[in-house]
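J.: Input structure: coords25.json, which contains JSON, C-alpha atoms.
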```json
[["chain", "number", "residue", "atom", "x", "y", "z"],
["U", 1, "MET", "CA", -26.65, 22.84, -65.48],
["U", 2, "GLY", "CA", -23.93, 20.26, -65.87],
["U", 3, "ARG", "CA", -24.05, 16.50, -66.05],
["U", 4, "LEU", "CA", -26.77, 14.34, -64.57],
["U", 5, "GLY", "CA", -25.42, 14.42, -61.01],
["U", 6, "ASN", "CA", -25.46, 18.21, -60.90],
["U", 7, "GLN", "CA", -28.89, 18.33, -62.51],
["U", 8, "VAL", "CA", -30.40, 16.04, -59.87],
["U", 9, "GLU", "CA", -28.93, 18.08, -57.01],
["U", 10, "HIS", "CA", -30.31, 21.27, -58.59],
["U", 11, "PHE", "CA", -33.67, 19.60, -59.16],
["U", 12, "LEU", "CA", -34.05, 18.57, -55.51],
["U", 13, "GLY", "CA", -33.11, 22.07, -54.38],
["U", 14, "GLY", "CA", -35.65, 23.51, -56.83],
["U", 15, "LEU", "CA", -38.33, 21.14, -55.56],
["U", 16, "ALA", "CA", -37.71, 22.34, -52.01],
["U", 17, "PHE", "CA", -37.77, 25.98, -53.14],
["U", 18, "ALA", "CA", -41.13, 25.55, -54.93],
["U", 19, "LYS", "CA", -42.66, 24.24, -51.74],
["U", 20, "LEU", "CA", -41.04, 27.00, -49.70],
["U", 21, "ILE", "CA", -42.69, 29.78, -51.70],
["U", 22, "ASN", "CA", -45.87, 27.71, -52.25],
["U", 23, "ARG", "CA", -45.78, 27.60, -56.04],
["U", 24, "THR", "CA", -46.50, 24.55, -58.18],
["U", 25, "LEU", "CA", -43.26, 23.19, -59.63],
["U", 26, "ILE", "CA", -43.28, 22.86, -63.41],
["U", 27, "VAL", "CA", -40.99, 19.84, -63.57],
["U", 28, "PRO", "CA", -38.24, 20.49, -66.13],
["U", 29, "PRO", "CA", -36.92, 17.84, -68.49],
["U", 30, "TRP", "CA", -33.47, 16.39, -67.98],
["U", 31, "ARG", "CA", -30.89, 17.74, -70.36],
["U", 32, "THR", "CA", -28.64, 15.40, -72.39],
["U", 33, "TYR", "CA", -28.05, 16.18, -76.06],
["U", 34, "LYS", "CA", -31.81, 16.83, -76.03],
["U", 35, "ASN", "CA", -34.59, 17.32, -73.48],
["U", 36, "ILE", "CA", -35.67, 14.08, -71.78],
["U", 37, "PRO", "CA", -39.06, 14.21, -70.02],
["U", 38, "TYR", "CA", -38.71, 13.67, -66.28],
["U", 39, "SER", "CA", -41.17, 10.76, -66.42],
["U", 40, "GLU", "CA", -38.97, 8.72, -68.77],
["U", 41, "TRP", "CA", -36.56, 8.09, -65.91],
["U", 42, "PHE", "CA", -38.59, 8.73, -62.74],
["U", 43, "GLN", "CA", -42.22, 8.58, -61.67],
["U", 44, "ILE", "CA", -43.71, 12.03, -61.50],
["U", 45, "ASP", "CA", -46.62, 10.92, -59.29],
["U", 46, "THR", "CA", -44.35, 10.19, -56.31],
["U", 47, "LEU", "CA", -43.19, 13.82, -56.29],
["U", 48, "ARG", "CA", -46.78, 14.79, -55.47],
["U", 49, "SER", "CA", -46.40, 13.13, -52.07],
["U", 50, "TYR", "CA", -44.15, 16.08, -51.25],
["U", 51, "HIS", "CA", -45.56, 19.01, -53.23],
["U", 52, "ARG", "CA", -47.69, 20.09, -56.19],
["U", 53, "VAL", "CA", -45.99, 19.41, -59.53],
["U", 54, "ILE", "CA", -46.86, 19.28, -63.21],
["U", 55, "ASP", "CA", -44.72, 17.90, -66.03],
["U", 56, "GLY", "CA", -43.10, 20.64, -68.12],
["U", 57, "GLN", "CA", -44.35, 19.30, -71.45],
["U", 58, "ASP", "CA", -47.87, 18.84, -70.07],
["U", 59, "PHE", "CA", -47.87, 22.39, -68.74],
["U", 60, "MET", "CA", -46.79, 23.89, -72.06],
["U", 61, "ARG", "CA", -49.39, 21.90, -73.98],
["U", 62, "GLU", "CA", -52.38, 22.12, -71.64],
["U", 63, "LEU", "CA", -52.06, 25.21, -69.45],
["U", 64, "ALA", "CA", -49.49, 27.62, -70.86],
["U", 65, "PRO", "CA", -51.71, 28.99, -73.67],
["U", 66, "THR", "CA", -54.07, 30.48, -71.04],
["U", 67, "VAL", "CA", -52.03, 30.64, -67.81],
["U", 68, "TRP", "CA", -48.75, 31.76, -69.39],
["U", 69, "PRO", "CA", -49.49, 33.24, -72.82],
["U", 70, "PRO", "CA", -46.54, 34.46, -74.91],
["U", 71, "GLU", "CA", -46.89, 38.10, -73.82],
["U", 72, "LEU", "CA", -46.54, 37.11, -70.12],
["U", 73, "ARG", "CA", -43.44, 34.97, -70.55],
["U", 74, "VAL", "CA", -40.85, 36.69, -68.40],
["U", 75, "GLY", "CA", -37.40, 35.25, -67.75],
["U", 76, "PHE", "CA", -35.77, 35.63, -64.32],
["U", 77, "CYS", "CA", -32.02, 36.05, -63.74],
["U", 78, "TRP", "CA", -30.02, 36.65, -60.60],
["U", 79, "LEU", "CA", -28.20, 39.92, -61.32],
["U", 80, "ARG", "CA", -25.99, 42.17, -59.27],
["U", 81, "PRO", "CA", -27.62, 45.53, -58.45],
["U", 82, "GLU", "CA", -25.42, 47.39, -60.92],
["U", 83, "GLN", "CA", -26.15, 45.00, -63.80],
["U", 84, "PRO", "CA", -28.64, 46.11, -66.48],
["U", 85, "LYS", "CA", -31.67, 43.98, -67.25],
["U", 86, "SER", "CA", -30.19, 43.33, -70.70],
["U", 87, "ASP", "CA", -27.62, 41.06, -69.03],
["U", 88, "CYS", "CA", -30.41, 38.54, -68.42],
["U", 89, "LYS", "CA", -29.93, 36.43, -71.55],
["U", 90, "MET", "CA", -32.29, 33.53, -70.97],
["U", 91, "LYS", "CA", -31.58, 31.66, -74.21],
["U", 92, "GLU", "CA", -27.98, 32.53, -74.96],
["U", 93, "GLY", "CA", -25.65, 29.56, -75.32],
["U", 94, "ASN", "CA", -25.97, 25.86, -74.61],
["U", 95, "PRO", "CA", -27.90, 24.36, -72.82],
["U", 96, "PHE", "CA", -30.11, 27.45, -72.40],
["U", 97, "GLY", "CA", -31.15, 28.01, -76.00],
["U", 98, "PRO", "CA", -31.86, 24.37, -76.92],
["U", 99, "PHE", "CA", -33.57, 23.73, -73.56],
["U", 100, "TRP", "CA", -36.14, 26.51, -74.00],
["U", 101, "ASN", "CA", -36.50, 26.00, -77.75],
["U", 102, "GLU", "CA", -37.48, 22.36, -77.27],
["U", 103, "LEU", "CA", -40.18, 23.55, -74.85],
["U", 104, "ASN", "CA", -41.29, 26.12, -77.46],
["U", 105, "VAL", "CA", -40.66, 29.03, -75.11],
["U", 106, "ASP", "CA", -39.63, 32.54, -76.12],
["U", 107, "PHE", "CA", -39.47, 35.38, -73.62],
["U", 108, "ALA", "CA", -41.29, 38.68, -74.01],
["U", 109, "ASP", "CA", -39.31, 40.30, -71.21],
["U", 110, "THR", "CA", -36.75, 39.63, -68.49],
["U", 111, "VAL", "CA", -36.33, 40.69, -64.89],
["U", 112, "GLY", "CA", -33.37, 40.67, -62.53],
["U", 113, "TYR", "CA", -33.43, 39.85, -58.83],
["U", 114, "GLN", "CA", -31.08, 39.63, -55.84],
["U", 115, "LEU", "CA", -33.20, 37.39, -53.62],
["U", 116, "ASN", "CA", -31.96, 34.26, -51.88],
["U", 117, "TYR", "CA", -33.61, 30.85, -51.96],
["U", 118, "ASP", "CA", -33.92, 30.23, -48.23],
["U", 119, "GLU", "CA", -36.75, 30.41, -45.72],
["U", 120, "TYR", "CA", -35.80, 33.98, -44.78],
["U", 121, "SER", "CA", -36.68, 35.23, -48.28],
["U", 122, "ILE", "CA", -40.16, 33.71, -48.66],
["U", 123, "ASP", "CA", -42.06, 36.95, -48.04],
["U", 124, "GLN", "CA", -39.75, 38.89, -50.37],
["U", 125, "TRP", "CA", -40.42, 36.48, -53.23],
["U", 126, "LYS", "CA", -44.18, 36.65, -52.69],
["U", 127, "GLN", "CA", -44.23, 40.46, -52.41],
["U", 128, "THR", "CA", -41.83, 41.17, -55.26],
["U", 129, "PHE", "CA", -43.29, 38.66, -57.70],
["U", 130, "PRO", "CA", -47.00, 38.18, -56.88],
["U", 131, "PRO", "CA", -48.72, 35.38, -58.83],
["U", 132, "ASP", "CA", -51.35, 37.66, -60.34],
["U", 133, "ARG", "CA", -48.61, 39.61, -62.12],
["U", 134, "TYR", "CA", -46.08, 36.79, -62.53],
["U", 135, "PRO", "CA", -48.05, 33.55, -62.97],
["U", 136, "VAL", "CA", -44.84, 31.67, -63.80],
["U", 137, "ILE", "CA", -41.35, 32.26, -62.44],
["U", 138, "ALA", "CA", -39.05, 30.92, -65.16],
["U", 139, "LEU", "CA", -35.51, 30.95, -63.78],
["U", 140, "LYS", "CA", -32.38, 30.85, -65.89],
["U", 141, "GLY", "CA", -30.53, 28.97, -63.16],
["U", 142, "ALA", "CA", -31.69, 26.56, -60.50],
["U", 143, "PRO", "CA", -32.89, 28.07, -57.19],
["U", 144, "ALA", "CA", -30.50, 25.79, -55.35],
["U", 145, "SER", "CA", -26.92, 25.54, -54.17],
["U", 146, "PHE", "CA", -24.19, 23.18, -55.36],
["U", 147, "PRO", "CA", -23.16, 21.11, -53.59],
["U", 148, "MET", "CA", -26.75, 20.65, -52.47],
["U", 149, "ASP", "CA", -27.96, 21.68, -49.05],
["U", 150, "ALA", "CA", -27.68, 18.66, -46.75],
["U", 151, "LYS", "CA", -31.22, 19.16, -45.48],
["U", 152, "HIS", "CA", -32.58, 18.44, -48.96],
["U", 153, "ARG", "CA", -30.87, 15.07, -49.44],
["U", 154, "TYR", "CA", -33.84, 13.18, -48.02],
["U", 155, "LEU", "CA", -35.99, 14.43, -50.91],
["U", 156, "GLN", "CA", -34.40, 11.70, -53.03],
["U", 157, "LYS", "CA", -37.04, 9.37, -51.57],
["U", 158, "TYR", "CA", -39.64, 11.07, -53.76],
["U", 159, "MET", "CA", -37.67, 10.22, -56.91],
["U", 160, "ASN", "CA", -38.87, 6.70, -57.71],
["U", 161, "TRP", "CA", -37.59, 4.96, -60.82],
["U", 162, "SER", "CA", -39.85, 4.67, -63.85],
["U", 163, "ASP", "CA", -41.01, 1.23, -64.98],
["U", 164, "VAL", "CA", -38.86, 1.59, -68.10],
["U", 165, "ILE", "CA", -35.68, 2.02, -66.03],
["U", 166, "ILE", "CA", -36.58, -0.78, -63.61],
["U", 167, "ASP", "CA", -37.25, -3.17, -66.50],
["U", 168, "GLU", "CA", -33.88, -2.37, -68.04],
["U", 169, "VAL", "CA", -32.07, -2.85, -64.72],
["U", 170, "ARG", "CA", -33.69, -6.26, -64.24],
["U", 171, "ARG", "CA", -32.76, -7.29, -67.77],
["U", 172, "HIS", "CA", -29.10, -6.35, -67.24],
["U", 173, "GLN", "CA", -29.00, -8.05, -63.83],
["U", 174, "GLY", "CA", -30.23, -11.26, -65.43],
["U", 175, "VAL", "CA", -27.91, -11.17, -68.44],
["U", 176, "LEU", "CA", -24.77, -9.98, -66.64],
["U", 177, "PHE", "CA", -25.07, -11.71, -63.27],
["U", 178, "ASN", "CA", -27.80, -14.33, -63.63],
["U", 179, "ASN", "CA", -29.70, -12.35, -60.97],
["U", 180, "GLN", "CA", -26.97, -13.01, -58.40],
["U", 181, "SER", "CA", -25.60, -10.44, -55.94],
["U", 182, "TYR", "CA", -23.13, -7.89, -57.27],
["U", 183, "ILE", "CA", -20.96, -5.01, -56.07],
["U", 184, "GLY", "CA", -21.35, -1.76, -58.00],
["U", 185, "ILE", "CA", -18.38, 0.60, -58.26],
["U", 186, "HIS", "CA", -18.06, 4.10, -59.73],
["U", 187, "LEU", "CA", -14.66, 5.07, -61.12],
["U", 188, "ARG", "CA", -14.33, 8.73, -62.03],
["U", 189, "ASN", "CA", -11.01, 8.76, -63.87],
["U", 190, "ASP", "CA", -11.19, 10.81, -67.05],
["U", 191, "LEU", "CA", -8.52, 13.43, -67.75],
["U", 192, "ASP", "CA", -10.72, 16.42, -66.88],
["U", 193, "TRP", "CA", -11.47, 14.90, -63.49],
["U", 194, "GLN", "CA", -7.79, 14.21, -62.86],
["U", 195, "LYS", "CA", -7.03, 17.89, -63.53],
["U", 196, "ALA", "CA", -9.86, 18.94, -61.22],
["U", 197, "CYS", "CA", -8.31, 16.87, -58.43],
["U", 198, "ASP", "CA", -4.62, 17.70, -58.98],
["U", 199, "ASN", "CA", -4.47, 20.72, -56.65],
["U", 200, "VAL", "CA", -7.49, 19.98, -54.50],
["U", 201, "GLU", "CA", -5.52, 19.74, -51.25],
["U", 202, "SER", "CA", -4.36, 23.35, -51.60],
["U", 203, "TYR", "CA", -8.01, 24.49, -51.39],
["U", 204, "ARG", "CA", -8.43, 23.05, -47.86],
["U", 205, "SER", "CA", -12.11, 22.65, -48.62],
["U", 206, "ARG", "CA", -14.81, 20.45, -47.12],
["U", 207, "SER", "CA", -17.37, 21.50, -49.73],
["U", 208, "TYR", "CA", -15.52, 20.89, -53.00],
["U", 209, "MET", "CA", -18.14, 19.62, -55.49],
["U", 210, "ALA", "CA", -20.09, 16.79, -53.82],
["U", 211, "ALA", "CA", -17.56, 16.13, -51.03],
["U", 212, "PRO", "CA", -19.97, 16.97, -48.16],
["U", 213, "GLN", "CA", -21.72, 13.67, -48.81],
["U", 214, "CYS", "CA", -18.86, 11.87, -47.09],
["U", 215, "LEU", "CA", -17.06, 14.60, -45.13],
["U", 216, "ASP", "CA", -20.31, 15.35, -43.29],
["U", 217, "LEU", "CA", -19.91, 11.83, -41.89],
["U", 218, "SER", "CA", -16.42, 12.54, -40.60],
["U", 219, "PRO", "CA", -16.05, 13.16, -36.87],
["U", 220, "SER", "CA", -13.21, 15.59, -37.51],
["U", 221, "PRO", "CA", -14.09, 19.14, -38.63],
["U", 222, "THR", "CA", -10.52, 19.53, -39.88],
["U", 223, "ASP", "CA", -10.89, 16.89, -42.60],
["U", 224, "TYR", "CA", -10.59, 18.36, -46.10],
["U", 225, "VAL", "CA", -10.85, 16.93, -49.58],
["U", 226, "THR", "CA", -7.65, 15.06, -50.43],
["U", 227, "LYS", "CA", -6.21, 13.79, -53.70],
["U", 228, "LYS", "CA", -6.83, 10.25, -52.43],
["U", 229, "LEU", "CA", -10.50, 11.05, -51.91],
["U", 230, "CYS", "CA", -10.92, 12.87, -55.24],
["U", 231, "TYR", "CA", -8.75, 10.78, -57.57],
["U", 232, "PRO", "CA", -7.88, 7.51, -55.80],
["U", 233, "SER", "CA", -4.97, 5.49, -57.09],
["U", 234, "ASP", "CA", -5.42, 2.06, -58.64],
["U", 235, "GLY", "CA", -3.90, 0.63, -55.48],
["U", 236, "GLU", "CA", -6.51, 2.30, -53.27],
["U", 237, "ILE", "CA", -9.32, 1.08, -55.52],
["U", 238, "LEU", "CA", -8.04, -2.50, -55.51],
["U", 239, "ARG", "CA", -7.44, -2.40, -51.73],
["U", 240, "LEU", "CA", -10.93, -1.31, -50.78],
["U", 241, "LEU", "CA", -12.62, -3.49, -53.39],
["U", 242, "LYS", "CA", -10.79, -6.56, -52.09],
["U", 243, "ASN", "CA", -11.78, -5.77, -48.50],
["U", 244, "VAL", "CA", -15.44, -5.44, -49.50],
["U", 245, "ILE", "CA", -15.34, -8.71, -51.46],
["U", 246, "LEU", "CA", -13.79, -10.54, -48.51],
["U", 247, "ARG", "CA", -16.44, -9.12, -46.16],
["U", 248, "THR", "CA", -19.45, -9.67, -48.39],
["U", 249, "ARG", "CA", -18.32, -12.76, -50.32],
["U", 250, "ILE", "CA", -19.83, -11.25, -53.44],
["U", 251, "HIS", "CA", -17.83, -12.05, -56.57],
["U", 252, "HIS", "CA", -19.73, -10.17, -59.30],
["U", 253, "ILE", "CA", -18.66, -6.57, -59.95],
["U", 254, "TYR", "CA", -20.39, -3.91, -62.03],
["U", 255, "VAL", "CA", -18.23, -0.96, -63.15],
["U", 256, "ALA", "CA", -19.54, 2.47, -64.11],
["U", 257, "THR", "CA", -16.91, 4.87, -65.39],
["U", 258, "ASP", "CA", -16.35, 7.77, -67.76],
["U", 259, "ARG", "CA", -13.02, 6.44, -69.04],
["U", 260, "ARG", "CA", -11.16, 3.40, -67.69],
["U", 261, "PRO", "CA", -13.09, 0.44, -66.21],
["U", 262, "MET", "CA", -9.94, -1.34, -64.87],
["U", 263, "ILE", "CA", -11.39, -4.75, -65.77],
["U", 264, "ARG", "CA", -8.01, -6.40, -66.37],
["U", 265, "GLU", "CA", -6.44, -4.88, -63.25],
["U", 266, "ILE", "CA", -9.34, -5.96, -61.04],
["U", 267, "GLU", "CA", -9.50, -9.51, -62.39],
["U", 268, "GLU", "CA", -5.73, -9.98, -62.07],
["U", 269, "HIS", "CA", -5.49, -8.53, -58.56],
["U", 270, "LEU", "CA", -8.50, -10.49, -57.34],
["U", 271, "SER", "CA", -7.90, -13.71, -59.26],
["U", 272, "ALA", "CA", -7.87, -15.71, -56.01],
["U", 273, "GLN", "CA", -11.38, -14.41, -55.30],
["U", 274, "ARG", "CA", -12.55, -15.46, -58.78],
["U", 275, "VAL", "CA", -14.31, -12.21, -59.52],
["U", 276, "HIS", "CA", -16.37, -11.52, -62.64],
["U", 277, "VAL", "CA", -16.27, -7.89, -63.80],
["U", 278, "LYS", "CA", -18.84, -6.34, -66.14],
["U", 279, "HIS", "CA", -18.97, -2.90, -67.74],
["U", 280, "LEU", "CA", -21.92, -1.80, -69.90],
["U", 281, "ASP", "CA", -20.85, 1.69, -70.99],
["U", 282, "PRO", "CA", -24.49, 2.58, -71.74],
["U", 283, "HIS", "CA", -25.52, 5.38, -74.08],
["U", 284, "LEU", "CA", -27.29, 7.19, -71.22],
["U", 285, "PRO", "CA", -25.63, 7.51, -67.78],
["U", 286, "ILE", "CA", -28.96, 7.01, -66.01],
["U", 287, "ILE", "CA", -28.62, 3.26, -66.66],
["U", 288, "ASP", "CA", -25.31, 3.18, -64.78],
["U", 289, "VAL", "CA", -26.90, 5.17, -61.94],
["U", 290, "ALA", "CA", -29.80, 2.71, -61.68],
["U", 291, "MET", "CA", -27.53, -0.35, -61.84],
["U", 292, "LEU", "CA", -25.36, 1.05, -59.05],
["U", 293, "ALA", "CA", -28.38, 2.05, -57.00],
["U", 294, "HIS", "CA", -29.67, -1.53, -57.11],
["U", 295, "ALA", "CA", -26.33, -3.23, -56.34],
["U", 296, "ASN", "CA", -25.97, -5.23, -53.14],
["U", 297, "TYR", "CA", -22.99, -3.08, -52.19],
["U", 298, "PHE", "CA", -21.68, 0.16, -53.69],
["U", 299, "ILE", "CA", -18.34, 1.99, -53.67],
["U", 300, "GLY", "CA", -18.20, 5.47, -55.17],
["U", 301, "ASN", "CA", -16.26, 8.70, -55.45],
["U", 302, "CYS", "CA", -17.08, 11.07, -52.60],
["U", 303, "VAL", "CA", -16.38, 14.20, -54.66],
["U", 304, "SER", "CA", -18.58, 13.19, -57.60],
["U", 305, "SER", "CA", -22.23, 14.25, -57.87],
["U", 306, "PHE", "CA", -22.79, 11.14, -60.01],
["U", 307, "THR", "CA", -21.92, 9.06, -56.95],
["U", 308, "SER", "CA", -24.12, 11.29, -54.81],
["U", 309, "ILE", "CA", -27.29, 10.35, -56.75],
["U", 310, "VAL", "CA", -26.50, 6.68, -56.20],
["U", 311, "LYS", "CA", -25.68, 7.17, -52.52],
["U", 312, "ARG", "CA", -28.91, 9.07, -51.79],
["U", 313, "ALA", "CA", -31.01, 6.49, -53.64],
["U", 314, "ARG", "CA", -29.35, 3.70, -51.66],
["U", 315, "ASP", "CA", -29.76, 5.52, -48.36],
["U", 316, "VAL", "CA", -33.51, 5.58, -48.99],
["U", 317, "GLN", "CA", -33.43, 1.77, -49.20],
["U", 318, "ASN", "CA", -30.88, 1.36, -46.35],
["U", 319, "LEU", "CA", -28.37, -0.28, -48.69],
["U", 320, "PRO", "CA", -24.64, -0.26, -47.81],
["U", 321, "SER", "CA", -22.23, 2.13, -49.52],
["U", 322, "ALA", "CA", -18.61, 3.22, -49.17],
["U", 323, "PHE", "CA", -16.22, 5.79, -50.68],
["U", 324, "TRP", "CA", -12.74, 5.40, -52.16],
["U", 325, "GLY", "CA", -10.11, 6.96, -49.91],
["U", 326, "PHE", "CA", -12.55, 7.28, -47.01],
["U", 327, "ASN", "CA", -13.63, 3.82, -45.88],
["U", 328, "ASN", "CA", -11.59, 0.76, -44.91]]
```
Translate this structure into structure tokens?
T.:
Amino acid sequence: MGRLGNQVEHFLGGLAFAKLINRTLIVPPWRTYKNIPYSEWFQIDTLRSYHRVIDGQDFMRELAPTVWPPELRVGFCWLRPEQPKSDCKMKEGNPFGPFWNELNVDFADTVGYQLNYDEYSIDQWKQTFPPDRYPVIALKGAPASFPMDAKHRYLQKYMNWSDVIIDEVRRHQGVLFNNQSYIGIHLRNDLDWQKACDNVESYRSRSYMAAPQCLDLSPSPTDYVTKKLCYPSDGEILRLLKNVILRTRIHHIYVATDRRPMIREIEEHLSAQRVHVKHLDPHLPIIDVAMLAHANYFIGNCVSSFTSIVKRARDVQNLPSAFWGFNN
């Protein structure tokens, strides 16, 4: 569900769950305006270093006709005990209908469950849904929490970029920066995000959206998500960016944003540092993610799951990162 950042967090939780109950993970496609095979953006082979997987399209073409014939295609929904099975509407709405339709899947039946996705529920899953009766567990929602469980963050190391993505990153690095060092920044500043952050301090939450990625690093258990952390002002952005430029002496900047790249503001404020600011605004957000993941330094939004993909990918490579409103 949701944008790319949410989908990746759900995917990593689902990968961990598949291993937990010892079932092969049928790797789902990413969802944009259409299904995108996992392997277009990431290498599927590297997932196999962690657990058994098969690409969703490959499964439907090669194995589903015998392993999961149409009459055995059961959809699984988490339902409250009092809810009827008819409430499990696997294909109702978007993205559910288009997602399953593009995989050529219709469901002969549905089943509800109240099981959790943790290690304490392994035996219940195996006993309630044995493989001989349920060869495939097709879930309406991801078997994962959001924000993602901190113990699953390390699984990002099994998500290696595809050759297609790496080639595009290298091409942009050459054209935009002549293969010189650059700072990548993520500005989440569209109107919907501003509204989501307006009253965030009243929630007194440490787990609002992707906030644990930085608040888990805080020595104080009383730190909560603030407006400054969620929707930093232009002044905060310019302050931290200038500090990073002075420390790193890197003068090329790559901006990823959903609305306002602040190119003029950055170049005017940092004119003495002679910065060069570039903004691609690519058709697919995965290009921004990959460009930020390969930057020499990165500054992102702690509350955004888009930033969290970048941060996890950089942590795997031990590359430096910071957050608006959190770091100096």
J.: Would you compute the distance between atom CA of Thr32 of chain U and atom CA of Pro285 of chain U? Give it in Å to one decimal.
T.: 9.6 Å
J.: Tell me, in Å to one decimal, how far atom CA of Arg48 of chain U is from atom CA of Phe146 of chain U.
T.: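 Between these atoms lies a distance of 24.1 Å.
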J.: Identify, on the basis of only C-alpha atoms, every residue whose closest approach to Met291 of chain U does not exceed 10 Å; exclude the query and any residue fewer than 5 positions from it along the same chain; express the result as a list in words.
T.: Ile165, Ile166, Glu168, Val169, Arg170, His172, Gln173, Tyr182, Ile183, Gly184, Ile185, Tyr254, Val255, Ala256, Leu280, Ile286 and Val310 of chain U
J.: Nearest residue to Gly112 of chain U out of U:Cys214, U:Ala196, U:Met90, U:Leu79, using only C-alpha atoms?
T.: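 That would be U:Leu79, the residue with the smallest distance to Gly112 of chain U.
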J.: Could you work out how far atom CA of Tyr117 of chain U lies from atom CA of Ala211 of chain U, giving the answer in Å with one decimal?
T.: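 Value for the atom CA of Ala211 of chain U-atom CA of Tyr117 of chain U distance: 21.8 Å.
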J.: Would you pick out the contacts of segment 186-191 of chain U at 6 Å or less, using only C-alpha atoms, so that residues sharing its chain but fewer than 6 positions from it are not included, and give the list as a PyMOL selection string?
T.: chain U and resi 256-257+259+300
J.: Quick one: residues within 9 Å of Pro212 of chain U, only C-alpha atoms counted, chain neighbours fewer than 3 positions away excluded, as number ranges by chain?
T.: U: 147-148, 150, 206-209, 215-217, 302-303
J.: Show me, as a PyMOL selection string, the residues that have an atom within 8 Å of Arg312 of chain U when counting all atoms listed in the file, minus same-chain residues fewer than 5 positions from it.
T.: chain U and resi 153-154+156
J.: Go through U:Asp315, U:Asp234, U:Glu102, U:Asp87 one by one, measure the shortest atom-to-atom distance of each to Lys140 of chain U using only C-alpha atoms, and give the residue with the smallest value.
T.: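 Going through U:Asp315, U:Asp234, U:Glu102, U:Asp87 one by one, the smallest distance to Lys140 of chain U is for U:Asp87.
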J.: Just the residues within 10 Å of segment 69-71 of chain U, please, counting all atoms listed in the file, with nothing from its chain fewer than 2 positions along; format it as a ChimeraX atom specification.
T.: /U:60,63-67,73-74,105-109,135
